[in-house]
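As provided, query.pdb (PDB, N, CA and C atoms) reads as follows.
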```
ATOM      1  N   MET A   1       6.891  30.958   0.893
ATOM      2  CA  MET A   1       7.636  31.008  -0.337
ATOM      3  C   MET A   1       6.899  30.179  -1.384
ATOM      4  N   PRO A   2       6.320  30.792  -2.390
ATOM      5  CA  PRO A   2       5.636  30.048  -3.454
ATOM      6  C   PRO A   2       6.633  29.263  -4.305
ATOM      7  N   LEU A   3       6.267  28.046  -4.637
ATOM      8  CA  LEU A   3       7.128  27.195  -5.449
ATOM      9  C   LEU A   3       6.271  26.541  -6.520
ATOM     10  N   THR A   4       6.652  26.704  -7.759
ATOM     11  CA  THR A   4       5.927  26.105  -8.876
ATOM     12  C   THR A   4       6.783  25.013  -9.482
ATOM     13  N   VAL A   5       6.198  23.818  -9.628
ATOM     14  CA  VAL A   5       6.914  22.679 -10.191
ATOM     15  C   VAL A   5       6.184  22.230 -11.454
ATOM     16  N   HIS A   6       6.907  22.159 -12.549
ATOM     17  CA  HIS A   6       6.363  21.631 -13.797
ATOM     18  C   HIS A   6       7.038  20.295 -14.049
ATOM     19  N   GLN A   7       6.231  19.239 -14.244
ATOM     20  CA  GLN A   7       6.782  17.901 -14.423
ATOM     21  C   GLN A   7       6.162  17.219 -15.631
ATOM     22  N   THR A   8       6.933  16.344 -16.223
ATOM     23  CA  THR A   8       6.424  15.410 -17.215
ATOM     24  C   THR A   8       6.891  14.034 -16.777
ATOM     25  N   ILE A   9       5.951  13.152 -16.513
ATOM     26  CA  ILE A   9       6.277  11.811 -16.034
ATOM     27  C   ILE A   9       5.704  10.803 -17.019
ATOM     28  N   SER A  10       6.566   9.942 -17.553
ATOM     29  CA  SER A  10       6.131   8.877 -18.458
ATOM     30  C   SER A  10       6.434   7.551 -17.793
ATOM     31  N   ILE A  11       5.399   6.779 -17.536
ATOM     32  CA  ILE A  11       5.566   5.466 -16.910
ATOM     33  C   ILE A  11       5.158   4.426 -17.942
ATOM     34  N   TYR A  12       6.112   3.612 -18.332
ATOM     35  CA  TYR A  12       5.831   2.583 -19.316
ATOM     36  C   TYR A  12       5.334   1.308 -18.652
ATOM     37  N   MET A  13       5.839   1.020 -17.485
ATOM     38  CA  MET A  13       5.362  -0.141 -16.736
ATOM     39  C   MET A  13       5.665   0.096 -15.265
ATOM     40  N   ILE A  14       4.700  -0.209 -14.414
ATOM     41  CA  ILE A  14       4.922  -0.128 -12.975
ATOM     42  C   ILE A  14       4.325  -1.382 -12.355
ATOM     43  N   LYS A  15       5.091  -2.003 -11.481
ATOM     44  CA  LYS A  15       4.630  -3.207 -10.809
ATOM     45  C   LYS A  15       4.723  -2.957  -9.306
ATOM     46  N   VAL A  16       3.612  -3.060  -8.629
ATOM     47  CA  VAL A  16       3.562  -2.843  -7.189
ATOM     48  C   VAL A  16       3.297  -4.184  -6.544
ATOM     49  N   GLY A  17       4.225  -4.616  -5.678
ATOM     50  CA  GLY A  17       4.076  -5.911  -5.013
ATOM     51  C   GLY A  17       2.940  -5.916  -4.012
ATOM     52  N   ALA A  18       2.858  -4.891  -3.188
ATOM     53  CA  ALA A  18       1.805  -4.844  -2.172
ATOM     54  C   ALA A  18       1.643  -3.414  -1.683
ATOM     55  N   ILE A  19       0.423  -3.082  -1.363
ATOM     56  CA  ILE A  19       0.107  -1.808  -0.731
ATOM     57  C   ILE A  19      -0.648  -2.141   0.542
ATOM     58  N   THR A  20      -0.137  -1.678   1.667
ATOM     59  CA  THR A  20      -0.808  -1.932   2.940
ATOM     60  C   THR A  20      -1.516  -0.664   3.403
ATOM     61  N   ASN A  21      -2.151  -0.755   4.550
ATOM     62  CA  ASN A  21      -2.927   0.375   5.054
ATOM     63  C   ASN A  21      -2.088   1.616   5.284
ATOM     64  N   SER A  22      -0.814   1.457   5.578
ATOM     65  CA  SER A  22       0.014   2.626   5.884
ATOM     66  C   SER A  22       0.991   2.950   4.757
ATOM     67  N   SER A  23       0.805   2.383   3.582
ATOM     68  CA  SER A  23       1.717   2.635   2.472
ATOM     69  C   SER A  23       1.312   3.879   1.693
ATOM     70  N   VAL A  24       2.308   4.512   1.090
ATOM     71  CA  VAL A  24       2.065   5.657   0.216
ATOM     72  C   VAL A  24       2.812   5.405  -1.081
ATOM     73  N   LEU A  25       2.105   5.408  -2.186
ATOM     74  CA  LEU A  25       2.723   5.313  -3.506
ATOM     75  C   LEU A  25       2.659   6.700  -4.120
ATOM     76  N   GLN A  26       3.816   7.312  -4.298
ATOM     77  CA  GLN A  26       3.853   8.677  -4.800
ATOM     78  C   GLN A  26       4.629   8.717  -6.098
ATOM     79  N   ILE A  27       4.020   9.319  -7.093
ATOM     80  CA  ILE A  27       4.680   9.555  -8.370
ATOM     81  C   ILE A  27       4.597  11.050  -8.606
ATOM     82  N   GLY A  28       5.738  11.714  -8.649
ATOM     83  CA  GLY A  28       5.756  13.156  -8.813
ATOM     84  C   GLY A  28       6.010  13.834  -7.484
ATOM     85  N   SER A  29       5.571  15.068  -7.354
ATOM     86  CA  SER A  29       5.798  15.815  -6.122
ATOM     87  C   SER A  29       4.462  16.235  -5.527
ATOM     88  N   THR A  30       4.491  16.517  -4.260
ATOM     89  CA  THR A  30       3.275  16.950  -3.575
ATOM     90  C   THR A  30       3.642  17.980  -2.518
ATOM     91  N   GLY A  31       2.715  18.841  -2.227
ATOM     92  CA  GLY A  31       2.951  19.825  -1.192
ATOM     93  C   GLY A  31       2.795  19.237   0.182
ATOM     94  N   SER A  32       1.809  18.368   0.345
ATOM     95  CA  SER A  32       1.594  17.714   1.641
ATOM     96  C   SER A  32       0.836  16.425   1.426
ATOM     97  N   VAL A  33       1.060  15.476   2.323
ATOM     98  CA  VAL A  33       0.357  14.200   2.295
ATOM     99  C   VAL A  33      -0.409  14.095   3.600
ATOM    100  N   GLN A  34      -1.712  13.920   3.507
ATOM    101  CA  GLN A  34      -2.540  13.792   4.702
ATOM    102  C   GLN A  34      -3.041  12.357   4.780
ATOM    103  N   SER A  35      -2.898  11.779   5.956
ATOM    104  CA  SER A  35      -3.330  10.396   6.123
ATOM    105  C   SER A  35      -4.853  10.327   6.231
ATOM    106  N   GLN A  36      -5.385   9.199   5.797
ATOM    107  CA  GLN A  36      -6.819   8.970   5.885
ATOM    108  C   GLN A  36      -7.026   7.489   6.145
ATOM    109  N   SER A  37      -7.889   7.190   7.076
ATOM    110  CA  SER A  37      -8.180   5.808   7.406
ATOM    111  C   SER A  37      -9.682   5.621   7.488
ATOM    112  N   ASP A  38     -10.210   4.746   6.650
ATOM    113  CA  ASP A  38     -11.640   4.469   6.638
ATOM    114  C   ASP A  38     -11.847   2.967   6.811
ATOM    115  N   ILE A  39     -12.705   2.595   7.720
ATOM    116  CA  ILE A  39     -13.030   1.191   7.936
ATOM    117  C   ILE A  39     -14.529   1.022   7.711
ATOM    118  N   TYR A  40     -14.879   0.105   6.830
ATOM    119  CA  TYR A  40     -16.275  -0.144   6.515
ATOM    120  C   TYR A  40     -16.596  -1.617   6.727
ATOM    121  N   ASN A  41     -17.740  -1.902   7.265
ATOM    122  CA  ASN A  41     -18.212  -3.267   7.428
ATOM    123  C   ASN A  41     -19.221  -3.535   6.314
ATOM    124  N   THR A  42     -18.714  -3.713   5.096
ATOM    125  CA  THR A  42     -19.605  -3.874   3.948
ATOM    126  C   THR A  42     -20.283  -5.236   3.923
ATOM    127  N   GLY A  43     -19.744  -6.212   4.661
ATOM    128  CA  GLY A  43     -20.359  -7.537   4.679
ATOM    129  C   GLY A  43     -21.410  -7.691   5.762
ATOM    130  N   GLY A  44     -21.544  -6.703   6.635
ATOM    131  CA  GLY A  44     -22.536  -6.777   7.699
ATOM    132  C   GLY A  44     -22.171  -7.791   8.771
ATOM    133  N   TYR A  45     -20.878  -8.030   8.999
ATOM    134  CA  TYR A  45     -20.438  -9.020   9.976
ATOM    135  C   TYR A  45     -20.704  -8.517  11.392
ATOM    136  N   THR A  46     -21.035  -9.439  12.285
ATOM    137  CA  THR A  46     -21.355  -9.058  13.669
ATOM    138  C   THR A  46     -20.367  -9.646  14.672
ATOM    139  N   GLU A  47     -19.468 -10.523  14.239
ATOM    140  CA  GLU A  47     -18.479 -11.108  15.152
ATOM    141  C   GLU A  47     -17.153 -11.270  14.415
ATOM    142  N   PRO A  48     -16.057 -11.413  15.171
ATOM    143  CA  PRO A  48     -14.740 -11.545  14.530
ATOM    144  C   PRO A  48     -14.645 -12.814  13.676
ATOM    145  N   ALA A  49     -13.754 -12.783  12.710
ATOM    146  CA  ALA A  49     -13.503 -13.940  11.850
ATOM    147  C   ALA A  49     -12.801 -15.031  12.652
ATOM    148  N   PRO A  50     -12.969 -16.299  12.276
ATOM    149  CA  PRO A  50     -12.252 -17.366  12.983
ATOM    150  C   PRO A  50     -10.739 -17.245  12.788
ATOM    151  N   THR A  51      -9.978 -17.775  13.718
ATOM    152  CA  THR A  51      -8.520 -17.720  13.654
ATOM    153  C   THR A  51      -8.019 -18.521  12.456
ATOM    154  N   ALA A  52      -7.054 -17.945  11.751
ATOM    155  CA  ALA A  52      -6.495 -18.604  10.566
ATOM    156  C   ALA A  52      -5.616 -19.764  10.977
ATOM    157  N   GLU A  53      -5.580 -20.796  10.140
ATOM    158  CA  GLU A  53      -4.728 -21.955  10.376
ATOM    159  C   GLU A  53      -3.443 -21.812   9.562
ATOM    160  N   ILE A  54      -2.307 -22.207  10.157
ATOM    161  CA  ILE A  54      -1.036 -22.173   9.443
ATOM    162  C   ILE A  54      -0.934 -23.437   8.593
ATOM    163  N   ILE A  55      -0.829 -23.260   7.287
ATOM    164  CA  ILE A  55      -0.739 -24.401   6.376
ATOM    165  C   ILE A  55       0.705 -24.884   6.290
ATOM    166  N   GLN A  56       1.628 -23.981   6.043
ATOM    167  CA  GLN A  56       3.051 -24.302   6.018
ATOM    168  C   GLN A  56       3.816 -23.033   6.318
ATOM    169  N   GLU A  57       5.053 -23.188   6.729
ATOM    170  CA  GLU A  57       5.858 -22.030   7.047
ATOM    171  C   GLU A  57       6.303 -21.350   5.768
ATOM    172  N   ALA A  58       6.120 -20.040   5.698
ATOM    173  CA  ALA A  58       6.471 -19.298   4.488
ATOM    174  C   ALA A  58       7.983 -19.105   4.404
ATOM    175  N   VAL A  59       8.498 -19.260   3.184
ATOM    176  CA  VAL A  59       9.920 -19.046   2.913
ATOM    177  C   VAL A  59      10.018 -17.785   2.063
ATOM    178  N   PRO A  60      10.846 -16.810   2.468
ATOM    179  CA  PRO A  60      10.939 -15.581   1.683
ATOM    180  C   PRO A  60      11.539 -15.856   0.296
ATOM    181  N   LEU A  61      11.057 -15.110  -0.702
ATOM    182  CA  LEU A  61      11.564 -15.276  -2.056
ATOM    183  C   LEU A  61      12.964 -14.697  -2.193
ATOM    184  N   VAL A  62      13.265 -13.664  -1.399
ATOM    185  CA  VAL A  62      14.580 -13.030  -1.410
ATOM    186  C   VAL A  62      15.278 -13.390  -0.110
ATOM    187  N   PRO A  63      16.495 -13.927  -0.179
ATOM    188  CA  PRO A  63      17.185 -14.279   1.075
ATOM    189  C   PRO A  63      17.394 -13.039   1.934
ATOM    190  N   LEU A  64      17.083 -13.154   3.217
ATOM    191  CA  LEU A  64      17.231 -12.032   4.128
ATOM    192  C   LEU A  64      18.552 -12.170   4.898
ATOM    193  N   ALA A  65      19.193 -11.040   5.125
ATOM    194  CA  ALA A  65      20.463 -11.053   5.860
ATOM    195  C   ALA A  65      20.209 -11.406   7.322
ATOM    196  N   PRO A  66      21.109 -12.159   7.946
ATOM    197  CA  PRO A  66      20.903 -12.528   9.358
ATOM    198  C   PRO A  66      21.034 -11.338  10.285
TER     199      PRO A  66
END
```
Show how you would write the structure in this file as structure tokens.
Amino acid sequence: MPLTVHQTISIYMIKVGAITNSSVLQIGSTGSVQSQSDIYNTGGYTEPAPTAEIIQEAVPLVPLAP
């Protein structure tokens, strides 16, 4: 079944807090979304990074329900 969608989208301001590897930011409509994952070693690293140290415990900015 062919479907034609005509849209006009005006975005005056958009603020994105975070985009992770599995996030999708969609504005408008799409017929299909295909996942893609690319990993590049652009720094030429040959061994894993050292373990991160915890500086302080993070407190969420928005209170979370128990």
Exercise. Neighbours of segment 2-16 of chain A within 12 Å (only C-alpha atoms; same-chain residues fewer than 6 positions away dropped), as JSON, numbers by chain?
Worked result: {"A": [23, 24, 25, 26, 27, 28, 29, 30, 31]}
Residues as selected, N, CA and C atoms, written as a PDB file, in the frame of the given file, can you do that?
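Final output, saved to part39.pdb:
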```pdb
ATOM      1  N   SER A  23       0.805   2.383   3.582  1.00  0.00           N
ATOM      2  CA  SER A  23       1.717   2.635   2.472  1.00  0.00           C
ATOM      3  C   SER A  23       1.312   3.879   1.693  1.00  0.00           C
ATOM      4  N   VAL A  24       2.308   4.512   1.090  1.00  0.00           N
ATOM      5  CA  VAL A  24       2.065   5.657   0.216  1.00  0.00           C
ATOM      6  C   VAL A  24       2.812   5.405  -1.081  1.00  0.00           C
ATOM      7  N   LEU A  25       2.105   5.408  -2.186  1.00  0.00           N
ATOM      8  CA  LEU A  25       2.723   5.313  -3.506  1.00  0.00           C
ATOM      9  C   LEU A  25       2.659   6.700  -4.120  1.00  0.00           C
ATOM     10  N   GLN A  26       3.816   7.312  -4.298  1.00  0.00           N
ATOM     11  CA  GLN A  26       3.853   8.677  -4.800  1.00  0.00           C
ATOM     12  C   GLN A  26       4.629   8.717  -6.098  1.00  0.00           C
ATOM     13  N   ILE A  27       4.020   9.319  -7.093  1.00  0.00           N
ATOM     14  CA  ILE A  27       4.680   9.555  -8.370  1.00  0.00           C
ATOM     15  C   ILE A  27       4.597  11.050  -8.606  1.00  0.00           C
ATOM     16  N   GLY A  28       5.738  11.714  -8.649  1.00  0.00           N
ATOM     17  CA  GLY A  28       5.756  13.156  -8.813  1.00  0.00           C
ATOM     18  C   GLY A  28       6.010  13.834  -7.484  1.00  0.00           C
ATOM     19  N   SER A  29       5.571  15.068  -7.354  1.00  0.00           N
ATOM     20  CA  SER A  29       5.798  15.815  -6.122  1.00  0.00           C
ATOM     21  C   SER A  29       4.462  16.235  -5.527  1.00  0.00           C
ATOM     22  N   THR A  30       4.491  16.517  -4.260  1.00  0.00           N
ATOM     23  CA  THR A  30       3.275  16.950  -3.575  1.00  0.00           C
ATOM     24  C   THR A  30       3.642  17.980  -2.518  1.00  0.00           C
ATOM     25  N   GLY A  31       2.715  18.841  -2.227  1.00  0.00           N
ATOM     26  CA  GLY A  31       2.951  19.825  -1.192  1.00  0.00           C
ATOM     27  C   GLY A  31       2.795  19.237   0.182  1.00  0.00           C
TER      28      GLY A  31
END
```
Seminar exercise, completed: Pairwise distance, atom C of Thr20 of chain A with atom N of Ser35 of chain A, equals 12.8 Å
Emit as lines of an AutoDock Vina configuration file the padded axis-aligned box for all listed atoms of segment 42-52 of chain A, 8 Å per side, with centre and edge lengths in Å to one decimal.
```
center_x = -14.1
center_y = -11.7
center_z = 9.5
size_x = 32.9
size_y = 32.1
size_z = 27.2
```
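Counting from atom CA of Gly43 of chain A, the distance to atom CA of Asn21 of chain A is 19.1 Å.
The coordinates place atom N of Ala52 of chain A at 22.0 Å from atom C of Asp38 of chain A.
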